[in-house]
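Coordinates as given in data.cif (mmCIF, C-alpha atoms):
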```cif
data_work
#
loop_
_atom_site.label_atom_id
_atom_site.label_comp_id
_atom_site.auth_asym_id
_atom_site.auth_seq_id
_atom_site.Cartn_x
_atom_site.Cartn_y
_atom_site.Cartn_z
CA MET U 1 0.00 0.00 0.00
CA SER U 2 1.32 3.43 -0.91
CA ILE U 3 0.99 5.81 2.03
CA LYS U 4 0.61 8.76 -0.34
CA LEU U 5 -2.63 7.29 -1.70
CA ILE U 6 -4.37 7.45 1.66
CA LYS U 7 -7.11 10.04 1.41
CA ARG U 8 -7.05 12.63 4.18
CA ASN U 9 -10.38 13.31 5.83
CA VAL U 10 -9.69 17.04 5.94
CA GLU U 11 -9.29 17.30 2.15
CA SER U 12 -12.93 18.24 1.56
CA ILE U 13 -12.71 20.83 4.36
CA VAL U 14 -9.66 22.40 2.69
CA MET U 15 -11.49 22.55 -0.65
CA GLU U 16 -14.52 24.21 0.96
CA THR U 17 -12.30 26.78 2.66
CA ILE U 18 -10.45 27.67 -0.56
CA LYS U 19 -13.81 28.44 -2.19
CA ASP U 20 -14.79 31.13 0.31
CA THR U 21 -11.61 32.30 2.08
CA PRO U 22 -8.63 34.26 0.65
CA VAL U 23 -5.96 32.41 2.67
CA THR U 24 -6.17 28.77 3.73
CA VAL U 25 -3.58 27.57 6.24
CA ILE U 26 -2.79 23.86 6.65
CA GLN U 27 -1.00 23.61 9.96
CA GLY U 28 0.51 20.52 11.50
CA ALA U 29 3.64 18.92 12.87
CA ARG U 30 6.56 18.12 10.59
CA GLN U 31 6.03 15.01 8.43
CA VAL U 32 2.27 14.62 8.95
CA GLY U 33 1.56 14.96 5.21
CA LYS U 34 0.94 18.69 4.64
CA SER U 35 2.94 18.82 1.39
CA THR U 36 1.29 15.66 0.08
CA LEU U 37 -2.16 17.07 0.85
CA SER U 38 -1.38 20.39 -0.87
CA THR U 39 -0.14 18.46 -3.93
CA MET U 40 -3.42 16.54 -4.06
CA ILE U 41 -5.33 19.83 -3.79
CA SER U 42 -3.26 21.43 -6.57
CA LYS U 43 -4.26 18.75 -9.09
CA ASN U 44 -7.84 20.03 -9.03
CA MET U 45 -7.06 23.74 -9.38
CA VAL U 46 -5.19 26.36 -11.39
CA SER U 47 -2.24 26.66 -9.03
CA LYS U 48 1.46 27.26 -8.55
CA THR U 49 3.48 25.66 -5.76
CA VAL U 50 6.58 27.13 -4.11
CA THR U 51 8.39 25.38 -1.28
CA PHE U 52 10.71 27.08 1.17
CA ASP U 53 12.71 23.88 1.40
CA SER U 54 14.33 25.44 -1.68
CA ASP U 55 17.03 27.91 -0.63
CA ILE U 56 16.51 29.89 -3.84
CA ALA U 57 12.77 30.29 -3.27
CA LEU U 58 13.33 31.25 0.36
CA ALA U 59 15.99 33.84 -0.49
CA THR U 60 13.73 35.31 -3.19
CA ALA U 61 10.81 35.62 -0.79
CA LYS U 62 12.91 37.32 1.87
CA GLU U 63 14.44 39.73 -0.64
CA ASN U 64 11.14 41.07 -1.98
CA THR U 65 8.13 39.84 -0.03
CA GLN U 66 5.52 41.97 -1.81
CA GLU U 67 6.56 40.91 -5.30
CA PHE U 68 6.74 37.28 -4.18
CA ALA U 69 3.20 37.34 -2.76
CA ALA U 70 1.79 38.99 -5.88
CA GLN U 71 3.33 36.53 -8.36
CA PHE U 72 0.31 34.36 -9.22
CA PRO U 73 -2.93 36.43 -9.20
CA GLU U 74 -4.62 34.16 -11.76
CA GLY U 75 -4.93 31.22 -9.40
CA LEU U 76 -4.00 29.61 -6.10
CA LEU U 77 -0.46 30.24 -4.87
CA ILE U 78 0.64 27.33 -2.65
CA ILE U 79 3.49 28.16 -0.27
CA ASP U 80 4.99 25.21 1.56
CA GLU U 81 6.74 25.60 4.95
CA ILE U 82 5.87 29.26 5.44
CA GLN U 83 7.22 29.23 9.00
CA LYS U 84 10.66 29.72 7.41
CA CYS U 85 9.61 33.17 6.17
CA PRO U 86 7.08 34.64 8.63
CA GLU U 87 7.72 38.16 7.32
CA LEU U 88 5.86 37.10 4.16
CA LEU U 89 2.57 37.23 6.07
CA SER U 90 2.46 41.04 5.87
CA ALA U 91 2.88 40.87 2.10
CA ILE U 92 0.13 38.25 1.84
CA LYS U 93 -2.18 40.52 3.79
CA MET U 94 -1.44 43.43 1.45
CA SER U 95 -1.96 41.24 -1.61
CA VAL U 96 -5.32 40.01 -0.32
CA ASP U 97 -6.48 43.52 0.59
CA SER U 98 -5.56 44.89 -2.85
CA GLY U 99 -7.80 42.41 -4.63
CA ARG U 100 -9.89 40.45 -2.19
CA LYS U 101 -11.15 37.14 -3.54
CA PRO U 102 -11.30 33.59 -2.21
CA GLY U 103 -8.67 31.02 -3.08
CA ARG U 104 -5.65 33.34 -3.33
CA PHE U 105 -3.24 31.46 -1.07
CA LEU U 106 -2.81 28.02 0.41
CA VAL U 107 0.06 27.98 2.90
CA THR U 108 1.40 25.11 4.98
CA GLY U 109 3.37 25.38 8.19
CA SER U 110 5.04 23.01 10.62
CA ALA U 111 4.29 25.44 13.43
CA ASN U 112 1.50 27.78 14.47
CA ILE U 113 2.31 30.69 12.14
CA LEU U 114 0.51 33.21 14.35
CA ASN U 115 2.97 32.52 17.18
CA LEU U 116 6.17 32.70 15.15
CA ARG U 117 8.90 35.21 15.76
CA GLY U 118 8.64 37.84 13.03
CA ALA U 119 4.98 37.16 12.28
CA ASN U 120 3.32 40.49 12.99
CA GLU U 121 0.14 39.87 10.99
CA SER U 122 -2.72 37.72 12.22
CA LEU U 123 -4.56 37.74 8.86
CA ALA U 124 -7.75 38.04 10.91
CA GLY U 125 -10.81 37.83 8.67
CA ARG U 126 -8.63 36.79 5.74
CA ALA U 127 -7.44 33.31 6.70
CA GLU U 128 -8.77 30.05 8.07
CA THR U 129 -6.51 27.46 9.68
CA ILE U 130 -7.09 23.73 9.26
CA ILE U 131 -5.13 21.44 11.55
CA LEU U 132 -3.63 18.35 9.95
CA GLU U 133 -2.80 15.63 12.45
CA PRO U 134 -0.98 12.34 11.90
CA PHE U 135 -3.11 9.67 10.21
CA SER U 136 -6.22 8.66 12.14
CA ILE U 137 -7.06 4.96 12.35
CA GLY U 138 -10.14 5.67 10.23
CA GLU U 139 -8.06 7.27 7.49
CA MET U 140 -5.78 4.25 7.36
CA CYS U 141 -8.91 2.07 7.06
CA GLY U 142 -10.53 4.31 4.43
CA ILE U 143 -13.25 5.63 6.78
CA LYS U 144 -14.27 9.20 7.59
CA GLU U 145 -15.01 8.31 11.19
CA ASP U 146 -17.25 10.40 13.46
CA PHE U 147 -17.52 9.02 16.98
CA VAL U 148 -19.39 11.98 18.47
CA SER U 149 -22.12 11.71 15.82
CA LEU U 150 -22.42 8.03 16.72
CA LEU U 151 -23.04 8.93 20.36
CA LEU U 152 -25.84 11.29 19.32
CA CYS U 153 -27.69 8.68 17.25
CA GLY U 154 -31.00 7.43 18.54
CA ASP U 155 -29.90 3.84 17.85
CA MET U 156 -26.45 4.31 19.40
CA LEU U 157 -26.46 1.01 21.29
CA ALA U 158 -27.48 -0.98 18.23
CA ARG U 159 -24.70 0.61 16.19
CA LEU U 160 -22.14 0.04 18.95
CA ASN U 161 -23.06 -3.62 19.05
CA ARG U 162 -22.03 -3.91 15.40
CA VAL U 163 -18.51 -2.71 16.17
CA THR U 164 -15.67 -5.18 15.62
CA PRO U 165 -13.68 -5.50 18.86
CA PHE U 166 -9.88 -5.40 18.69
CA THR U 167 -7.50 -7.62 20.58
CA ARG U 168 -4.97 -6.19 23.01
CA THR U 169 -2.24 -7.10 20.54
CA GLU U 170 -3.98 -5.09 17.80
CA TYR U 171 -4.34 -2.05 20.07
CA ALA U 172 -0.68 -2.36 21.05
CA ARG U 173 0.44 -2.38 17.41
CA LEU U 174 -1.61 0.72 16.62
CA ILE U 175 -0.17 2.51 19.63
CA GLU U 176 3.41 1.60 18.77
CA SER U 177 3.20 2.64 15.10
CA GLY U 178 1.44 5.97 15.77
CA GLY U 179 0.08 8.02 12.89
CA TYR U 180 3.06 9.57 11.09
CA PRO U 181 2.88 8.52 7.41
CA ASP U 182 6.57 7.56 7.12
CA ALA U 183 6.32 5.36 10.20
CA GLN U 184 3.56 3.22 8.65
CA SER U 185 5.77 1.71 5.97
CA ARG U 186 8.58 0.86 8.42
CA SER U 187 9.06 -1.52 11.30
CA GLY U 188 11.70 -2.49 13.82
CA ARG U 189 14.96 -0.58 13.60
CA ARG U 190 13.89 1.40 10.53
CA ARG U 191 10.87 2.80 12.36
CA GLU U 192 13.06 3.57 15.37
CA ALA U 193 15.48 5.42 13.08
CA PHE U 194 12.63 7.52 11.71
CA PHE U 195 11.40 8.56 15.15
CA ARG U 196 14.92 9.22 16.43
CA ASN U 197 15.83 11.42 13.47
CA TYR U 198 12.46 13.12 13.59
CA LEU U 199 12.84 14.14 17.22
CA THR U 200 16.40 15.35 16.67
CA ARG U 201 15.27 17.49 13.76
CA VAL U 202 12.28 18.99 15.58
CA LEU U 203 13.69 19.39 19.09
CA ASP U 204 17.11 20.64 18.03
CA HIS U 205 16.79 22.39 14.68
CA ASP U 206 13.15 23.57 14.55
CA ALA U 207 13.01 24.60 18.20
CA ASN U 208 16.13 26.74 17.79
CA GLU U 209 14.86 28.22 14.54
CA LEU U 210 11.41 29.15 15.85
CA SER U 211 12.07 30.35 19.38
CA GLY U 212 14.19 32.76 21.33
CA LEU U 213 13.96 30.80 24.57
CA ALA U 214 16.78 30.56 27.04
CA HIS U 215 17.88 27.06 28.14
CA ILE U 216 16.84 25.66 24.74
CA ASP U 217 19.46 22.96 25.32
CA ARG U 218 17.09 21.47 27.92
CA PHE U 219 14.18 21.28 25.49
CA GLN U 220 14.75 17.59 24.72
CA THR U 221 14.84 16.84 28.45
CA ILE U 222 11.50 18.61 28.96
CA PHE U 223 9.91 16.61 26.16
CA ALA U 224 11.35 13.34 27.46
CA LEU U 225 9.96 14.09 30.92
CA LEU U 226 6.49 14.70 29.51
CA ALA U 227 6.74 11.61 27.31
CA GLY U 228 7.31 9.50 30.42
CA ARG U 229 3.64 10.09 31.23
CA PRO U 230 1.98 10.98 27.91
CA SER U 231 -1.36 12.06 29.41
CA GLN U 232 -0.98 13.98 32.65
CA ILE U 233 -2.21 16.97 34.62
CA TYR U 234 0.38 19.69 34.06
CA ILE U 235 1.86 21.03 37.28
CA ARG U 236 4.35 23.67 36.20
CA ALA U 237 6.29 23.80 39.46
CA ASN U 238 6.98 20.05 39.40
CA VAL U 239 8.36 20.10 35.85
CA SER U 240 10.49 23.20 36.37
CA ARG U 241 11.94 21.81 39.59
CA THR U 242 12.82 18.50 37.93
CA ILE U 243 14.46 20.16 34.92
CA GLY U 244 16.13 22.90 36.91
CA ILE U 245 14.86 25.98 35.09
CA PRO U 246 12.78 28.87 36.49
CA GLU U 247 9.08 28.14 36.84
CA SER U 248 8.33 31.45 35.12
CA SER U 249 10.08 30.14 31.98
CA MET U 250 8.05 26.95 31.63
CA ASN U 251 5.08 28.42 29.76
CA GLY U 252 7.30 29.35 26.83
CA TYR U 253 8.55 25.77 26.43
CA ILE U 254 5.05 24.33 26.68
CA ARG U 255 3.75 26.79 24.07
CA LEU U 256 6.64 25.87 21.78
CA LEU U 257 5.87 22.14 22.08
CA GLU U 258 2.23 22.90 21.26
CA ASN U 259 3.19 25.15 18.32
CA LEU U 260 5.39 22.37 16.94
CA GLY U 261 2.48 19.92 17.12
CA LEU U 262 4.14 17.61 19.65
CA ILE U 263 1.56 18.03 22.42
CA HIS U 264 -2.09 18.88 22.87
CA ILE U 265 -3.25 20.92 25.84
CA LEU U 266 -6.64 19.97 27.30
CA PRO U 267 -8.02 22.79 29.45
CA ALA U 268 -9.86 21.96 32.64
CA TRP U 269 -13.63 21.80 32.27
CA GLY U 270 -15.85 23.58 34.76
CA LYS U 271 -19.48 24.58 34.85
CA ASN U 272 -18.28 28.05 35.79
CA TYR U 273 -16.14 29.58 33.02
CA SER U 274 -13.94 31.47 35.48
CA LYS U 275 -12.97 28.16 37.11
CA ARG U 276 -11.90 26.79 33.72
CA ALA U 277 -9.40 29.59 33.35
CA ILE U 278 -7.60 28.75 36.58
CA GLY U 279 -7.91 24.95 36.43
CA ARG U 280 -4.80 22.93 35.70
CA PRO U 281 -4.63 21.73 32.09
CA LYS U 282 -3.81 18.22 30.96
CA ILE U 283 -0.92 17.70 28.54
CA VAL U 284 -1.36 14.90 26.00
CA LEU U 285 1.46 13.92 23.66
CA SER U 286 0.13 14.01 20.11
CA ASP U 287 1.50 10.72 18.77
CA THR U 288 1.91 7.46 20.67
CA GLY U 289 4.49 6.19 18.17
CA LEU U 290 6.81 8.95 19.36
CA VAL U 291 5.95 8.12 22.96
CA CYS U 292 6.83 4.45 22.52
CA SER U 293 10.04 5.32 20.71
CA ILE U 294 11.35 7.75 23.30
CA ASN U 295 10.45 5.36 26.14
CA GLY U 296 11.72 2.20 24.44
CA ILE U 297 8.30 0.52 24.59
CA SER U 298 7.39 -2.23 22.11
CA SER U 299 3.96 -3.48 21.09
CA SER U 300 4.78 -6.95 22.46
CA PHE U 301 5.49 -5.34 25.83
CA LEU U 302 2.29 -3.26 25.73
CA SER U 303 0.08 -6.21 24.80
CA LYS U 304 1.06 -8.06 27.99
CA LEU U 305 0.15 -5.19 30.32
CA GLU U 306 -3.12 -4.35 31.99
CA ASN U 307 -3.98 -0.86 33.23
CA GLY U 308 -0.58 -0.35 34.84
CA ASN U 309 1.80 2.57 34.91
CA GLU U 310 3.17 1.85 31.45
CA LEU U 311 0.02 1.08 29.47
CA GLY U 312 -2.63 3.25 31.16
CA PRO U 313 -1.29 6.72 30.23
CA VAL U 314 -0.21 5.77 26.69
CA PHE U 315 -3.56 4.10 25.96
CA GLU U 316 -5.34 7.18 27.29
CA ALA U 317 -3.23 9.41 25.03
CA PHE U 318 -3.99 7.14 22.06
CA VAL U 319 -7.77 7.34 22.58
CA ILE U 320 -7.78 11.10 23.23
CA ASN U 321 -5.74 11.75 20.09
CA GLU U 322 -8.06 9.66 17.91
CA ILE U 323 -11.09 11.62 19.12
CA MET U 324 -9.34 14.98 18.79
CA LYS U 325 -8.37 14.19 15.17
CA GLN U 326 -12.06 13.97 14.32
CA GLN U 327 -12.77 17.54 15.48
CA THR U 328 -11.89 18.96 12.07
CA TRP U 329 -14.30 16.86 10.02
CA SER U 330 -16.99 15.76 12.49
CA ASP U 331 -20.55 16.74 11.66
CA VAL U 332 -20.80 17.88 15.29
CA GLY U 333 -18.80 20.81 16.62
CA PHE U 334 -17.21 20.11 19.98
CA THR U 335 -14.40 21.26 22.24
CA THR U 336 -12.16 19.01 24.32
CA HIS U 337 -11.40 19.26 28.05
CA HIS U 338 -10.67 17.13 31.09
CA TYR U 339 -12.44 17.22 34.47
CA ARG U 340 -11.23 16.95 38.05
CA ASP U 341 -13.12 18.22 41.09
CA LYS U 342 -11.84 19.18 44.55
CA ASP U 343 -12.56 15.67 45.84
CA GLY U 344 -10.39 14.03 43.18
CA LYS U 345 -13.22 12.74 40.97
CA GLU U 346 -11.94 12.74 37.39
CA VAL U 347 -13.09 12.29 33.81
CA ASP U 348 -10.36 11.70 31.24
CA LEU U 349 -12.03 13.57 28.37
CA VAL U 350 -14.99 15.95 28.38
CA LEU U 351 -16.54 16.96 25.07
CA GLU U 352 -18.69 20.09 25.12
CA LEU U 353 -21.00 20.39 22.13
CA ARG U 354 -22.39 23.54 20.58
CA GLY U 355 -25.41 24.44 22.67
CA GLY U 356 -23.81 23.25 25.90
CA LYS U 357 -24.48 19.50 25.91
CA VAL U 358 -21.67 17.45 27.44
CA ILE U 359 -20.30 13.98 26.66
CA ALA U 360 -17.95 12.34 29.17
CA ILE U 361 -15.33 9.79 28.11
CA GLU U 362 -13.46 7.58 30.57
CA ILE U 363 -10.55 5.54 29.22
CA LYS U 364 -9.33 2.25 30.66
CA ALA U 365 -6.57 0.07 29.22
CA ALA U 366 -7.88 -3.04 30.98
CA SER U 367 -10.27 -5.55 29.39
CA SER U 368 -12.63 -5.40 32.39
CA PHE U 369 -14.10 -2.65 34.55
CA SER U 370 -15.83 -2.04 37.87
CA LYS U 371 -18.38 0.34 39.34
CA LYS U 372 -15.70 2.77 40.54
CA ASP U 373 -14.61 3.43 36.94
CA PHE U 374 -17.86 5.36 36.47
CA THR U 375 -17.45 7.57 39.57
CA GLY U 376 -16.25 10.70 37.75
CA MET U 377 -18.86 10.42 35.00
CA LYS U 378 -21.62 9.95 37.56
CA ALA U 379 -20.51 13.08 39.41
CA LEU U 380 -20.55 15.06 36.17
CA ARG U 381 -23.97 13.67 35.22
CA ASP U 382 -25.49 14.53 38.60
CA MET U 383 -24.06 18.05 38.46
CA LEU U 384 -25.22 18.80 34.91
CA GLY U 385 -28.64 17.17 34.80
CA ASP U 386 -30.16 17.52 31.32
CA ARG U 387 -26.98 19.07 29.91
CA PHE U 388 -25.27 15.71 30.33
CA HIS U 389 -25.88 13.75 27.12
CA CYS U 390 -24.01 10.56 27.99
CA GLY U 391 -20.87 9.07 29.47
CA VAL U 392 -18.92 6.24 27.84
CA LEU U 393 -16.21 4.05 29.29
CA LEU U 394 -13.88 3.04 26.46
CA TYR U 395 -11.78 -0.03 27.26
CA THR U 396 -9.97 -2.95 25.63
CA GLY U 397 -12.77 -5.42 26.33
CA ASN U 398 -15.45 -6.56 23.89
CA GLU U 399 -18.82 -5.87 25.54
CA VAL U 400 -21.24 -3.02 24.97
CA GLN U 401 -23.42 -2.47 28.02
CA PRO U 402 -25.55 0.27 29.62
CA PHE U 403 -24.37 1.04 33.15
CA GLY U 404 -27.11 3.16 34.66
CA ASP U 405 -28.67 6.44 33.57
CA ARG U 406 -26.97 7.60 30.32
CA LEU U 407 -23.78 5.66 31.12
CA TYR U 408 -22.29 2.93 28.90
CA CYS U 409 -19.20 0.87 28.26
CA ALA U 410 -17.92 0.10 24.75
CA PRO U 411 -14.77 -1.17 23.05
CA ALA U 412 -12.27 1.58 22.27
CA SER U 413 -12.35 0.45 18.64
CA SER U 414 -15.82 2.10 18.44
CA ILE U 415 -13.99 5.39 17.86
CA TRP U 416 -13.03 4.67 14.25
CA GLN U 417 -15.71 2.29 12.96
CA PHE U 418 -18.62 4.67 12.36
CA SER U 419 -18.92 7.23 9.57
CA MET U 420 -21.70 9.68 8.80
#
```
Please render this file's structure as structure tokens.
Amino acid sequence: MSIKLIKRNVESIVMETIKDTPVTVIQGARQVGKSTLSTMISKNMVSKTVTFDSDIALATAKENTQEFAAQFPEGLLIIDEIQKCPELLSAIKMSVDSGRKPGRFLVTGSANILNLRGANESLAGRAETIILEPFSIGEMCGIKEDFVSLLLCGDMLARLNRVTPFTRTEYARLIESGGYPDAQSRSGRRREAFFRNYLTRVLDHDANELSGLAHIDRFQTIFALLAGRPSQIYIRANVSRTIGIPESSMNGYIRLLENLGLIHILPAWGKNYSKRAIGRPKIVLSDTGLVCSINGISSSFLSKLENGNELGPVFEAFVINEIMKQQTWSDVGFTTHHYRDKDGKEVDLVLELRGGKVIAIEIKAASSFSKKDFTGMKALRDMLGDRFHCGVLLYTGNEVQPFGDRLYCAPASSIWQFSM
């Protein structure tokens, strides 16, 4: 199977955006397939592609940004790796304002371009950003999966009962390979070499290029520390004390990891919006293949574990990532959070839908469960009343069962086996 032939579920969203927005931004971590996606888009349009991997193109853009931005008014100008020339954003804004029409620019970036040094234009009202994540399991299976829409169906239980359960060995293999396209066609030492070189490139070269942070030499250590527990409540003081850098400096490193697409930050959920702002966020590493590589974890090792220290957090990160990938193309708009109250009751993932309805997701790496696994979801249900749509325990077992008022258990493989 050729990895390049895998259809990305965001492709139709990109095409829709080009039709009504002057600047479309495809943003994602290095090597997630941004260039491949833009090439697929270009085949259907009058377009010209320039990549800043070319030293000549980059030097030309830096020398005369306005002329560079104005070079292809008759169609779509595709600019690959724009984070290498953030000063071009001002010229793009001027070009758009001089002749405003949709489909002028498609730019890709391996970092959040709005947070780059030298980027002094937000392109507000002129641009729309589409996040491209590593492959989802659905994409690799040829499915445009939509788990949240499944949970809103009137016949949800009947549909869940048609899901094909996965074995622990199958889950472990998915976790170990992750979603980076180049990792899918490799195994063993060749896959390890990809992840090792990838991290060196991003944490050494890209981090230096994109930030002005002090102690950048400790950036790899910070990432390794977070990778040791790939889904965790972020306590800034603990991390700064372990690494040995000022606590006041930590936010910059965390923002840089997020801008580079290496982590996701889940804000705390609270019924009161002011409490959300002060609640501790959860940090989730964005690809479990990277997590396994940096920790030296193999799929054979994972498949033998239950919900222990090694498997629990990485399985939780895997499930959270698969659901977050669907945010871009789901028929249902939702935001992602985590929940923890003052008594220690927790919910791993809280999805808030437009209109205020809430779905709670608890994640368990074991193939069995008990009543206590529903404690956090029950607390959230009792607090929210009618706003609580449902709570689902996703686990590595095979059964689909109701577990009281609006509470259910289902195999984690339910996430990628339903399309709308």
* Find the residues around stretch 206-215 of chain U up to 9 Å (all atoms listed in the file counted), leave out those fewer than 6 positions away in its own chain, and share them as a list in words. =>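 Those residues are Gln83, Lys84, Ala111, Leu116, Arg117, Ile245, Ser249, Gly252, Tyr253, Leu256, Leu257 and Leu260 of chain U.
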* Asked: So how many Å separate atom CA of U:Asp331 and atom CA of U:Val23, to one decimal?
  -> 23.2 Å
* Structure fact -> Here atom CA of U:Asp97 and atom CA of U:Asn64 stand apart by 18.0 Å
* Report the distance between atom CA of U:Gly397 and atom CA of U:Met383 in Å, rounded to one decimal place. => 28.7 Å
* To do: Quick one: apply the PyMOL selection byres ((chain U and resi 228-232) around 9) to the file and drop the selected residues here as a PyMOL selection string.
  => chain U and resi 223-227+233-235+263+281-286+288+291+294-295+309-310+313-317+320
* Can you turn the PyMOL selection byres ((chain U and resi 417-420) around 7) into a concrete residue list for this file, as JSON, numbers by chain? => {"U": [143, 144, 145, 146, 147, 150, 163, 413, 414, 415, 416]}
* Considering only C-alpha atoms, return as a count of residues only whatever protein or nucleic-acid residues lie within 10 Å of stretch 359-361 of chain U, sequence-local ones (same chain, fewer than 4 positions apart) excluded. => 35
* Spatial neighbours of stretch 30-46 of chain U, max dist 10 Å, all atoms listed in the file, sep filter under 6 positions, as a PyMOL selection string -> chain U and resi 3-8+10-12+14-15+18+72+74-81+103+106-111+131-135+179-183+198-199+201-202+206+260-262
* **Nearest-residue call for U:Lys19, choices U:Ala127, U:Ala70, U:Ile254, U:Ala412, using all atoms listed in the file** => U:Ala127
* To do: Evaluate the PyMOL selection byres ((chain U and resi 91) around 9) on the structure here and hand back the selected residues as a VMD selection string.
  => chain U and resid 65 to 70 87 to 90 92 to 96
Block slice stretch 412-418 of chain U, all heavy atoms, emitted as a PDB file, in the first residue's frame:
```pdb
ATOM      1  N   ALA U 412     -12.913   0.374  22.774  1.00  0.00           N
ATOM      2  CA  ALA U 412     -12.272   1.585  22.270  1.00  0.00           C
ATOM      3  C   ALA U 412     -12.258   1.636  20.745  1.00  0.00           C
ATOM      4  O   ALA U 412     -12.220   2.721  20.145  1.00  0.00           O
ATOM      5  CB  ALA U 412     -10.847   1.684  22.810  1.00  0.00           C
ATOM      6  N   SER U 413     -12.329   0.484  20.105  1.00  0.00           N
ATOM      7  CA  SER U 413     -12.354   0.448  18.636  1.00  0.00           C
ATOM      8  C   SER U 413     -13.612   1.085  18.054  1.00  0.00           C
ATOM      9  O   SER U 413     -13.686   1.328  16.839  1.00  0.00           O
ATOM     10  CB  SER U 413     -12.223  -0.991  18.138  1.00  0.00           C
ATOM     11  OG  SER U 413     -13.262  -1.801  18.644  1.00  0.00           O
ATOM     12  N   SER U 414     -14.610   1.389  18.904  1.00  0.00           N
ATOM     13  CA  SER U 414     -15.819   2.095  18.438  1.00  0.00           C
ATOM     14  C   SER U 414     -15.465   3.449  17.839  1.00  0.00           C
ATOM     15  O   SER U 414     -16.217   3.970  17.002  1.00  0.00           O
ATOM     16  CB  SER U 414     -16.773   2.312  19.614  1.00  0.00           C
ATOM     17  OG  SER U 414     -17.032   1.137  20.314  1.00  0.00           O
ATOM     18  N   ILE U 415     -14.358   4.022  18.262  1.00  0.00           N
ATOM     19  CA  ILE U 415     -13.993   5.387  17.856  1.00  0.00           C
ATOM     20  C   ILE U 415     -13.877   5.525  16.353  1.00  0.00           C
ATOM     21  O   ILE U 415     -14.252   6.548  15.774  1.00  0.00           O
ATOM     22  CB  ILE U 415     -12.651   5.811  18.509  1.00  0.00           C
ATOM     23  CG1 ILE U 415     -12.744   5.764  20.019  1.00  0.00           C
ATOM     24  CG2 ILE U 415     -12.236   7.201  18.054  1.00  0.00           C
ATOM     25  CD1 ILE U 415     -11.393   5.925  20.688  1.00  0.00           C
ATOM     26  N   TRP U 416     -13.345   4.501  15.676  1.00  0.00           N
ATOM     27  CA  TRP U 416     -13.034   4.668  14.253  1.00  0.00           C
ATOM     28  C   TRP U 416     -13.840   3.752  13.331  1.00  0.00           C
ATOM     29  O   TRP U 416     -13.489   3.557  12.173  1.00  0.00           O
ATOM     30  CB  TRP U 416     -11.543   4.431  14.019  1.00  0.00           C
ATOM     31  CG  TRP U 416     -11.006   3.098  14.464  1.00  0.00           C
ATOM     32  CD1 TRP U 416     -11.095   1.914  13.792  1.00  0.00           C
ATOM     33  CD2 TRP U 416     -10.316   2.828  15.664  1.00  0.00           C
ATOM     34  NE1 TRP U 416     -10.491   0.916  14.529  1.00  0.00           N
ATOM     35  CE2 TRP U 416      -9.992   1.451  15.680  1.00  0.00           C
ATOM     36  CE3 TRP U 416      -9.903   3.600  16.768  1.00  0.00           C
ATOM     37  CZ2 TRP U 416      -9.302   0.839  16.737  1.00  0.00           C
ATOM     38  CZ3 TRP U 416      -9.216   2.998  17.798  1.00  0.00           C
ATOM     39  CH2 TRP U 416      -8.928   1.641  17.775  1.00  0.00           C
ATOM     40  N   GLN U 417     -14.947   3.209  13.807  1.00  0.00           N
ATOM     41  CA  GLN U 417     -15.713   2.286  12.958  1.00  0.00           C
ATOM     42  C   GLN U 417     -17.078   2.810  12.558  1.00  0.00           C
ATOM     43  O   GLN U 417     -17.919   2.056  12.060  1.00  0.00           O
ATOM     44  CB  GLN U 417     -15.839   0.926  13.658  1.00  0.00           C
ATOM     45  CG  GLN U 417     -14.507   0.223  13.854  1.00  0.00           C
ATOM     46  CD  GLN U 417     -14.665  -1.203  14.328  1.00  0.00           C
ATOM     47  OE1 GLN U 417     -15.430  -1.981  13.763  1.00  0.00           O
ATOM     48  NE2 GLN U 417     -13.945  -1.555  15.381  1.00  0.00           N
ATOM     49  N   PHE U 418     -17.312   4.101  12.726  1.00  0.00           N
ATOM     50  CA  PHE U 418     -18.616   4.672  12.364  1.00  0.00           C
ATOM     51  C   PHE U 418     -18.380   5.934  11.544  1.00  0.00           C
ATOM     52  O   PHE U 418     -17.617   6.806  11.929  1.00  0.00           O
ATOM     53  CB  PHE U 418     -19.411   5.018  13.625  1.00  0.00           C
ATOM     54  CG  PHE U 418     -20.735   5.701  13.344  1.00  0.00           C
ATOM     55  CD1 PHE U 418     -21.861   4.951  13.028  1.00  0.00           C
ATOM     56  CD2 PHE U 418     -20.829   7.074  13.381  1.00  0.00           C
ATOM     57  CE1 PHE U 418     -23.063   5.591  12.764  1.00  0.00           C
ATOM     58  CE2 PHE U 418     -22.036   7.712  13.119  1.00  0.00           C
ATOM     59  CZ  PHE U 418     -23.153   6.970  12.806  1.00  0.00           C
TER      60      PHE U 418
END
```
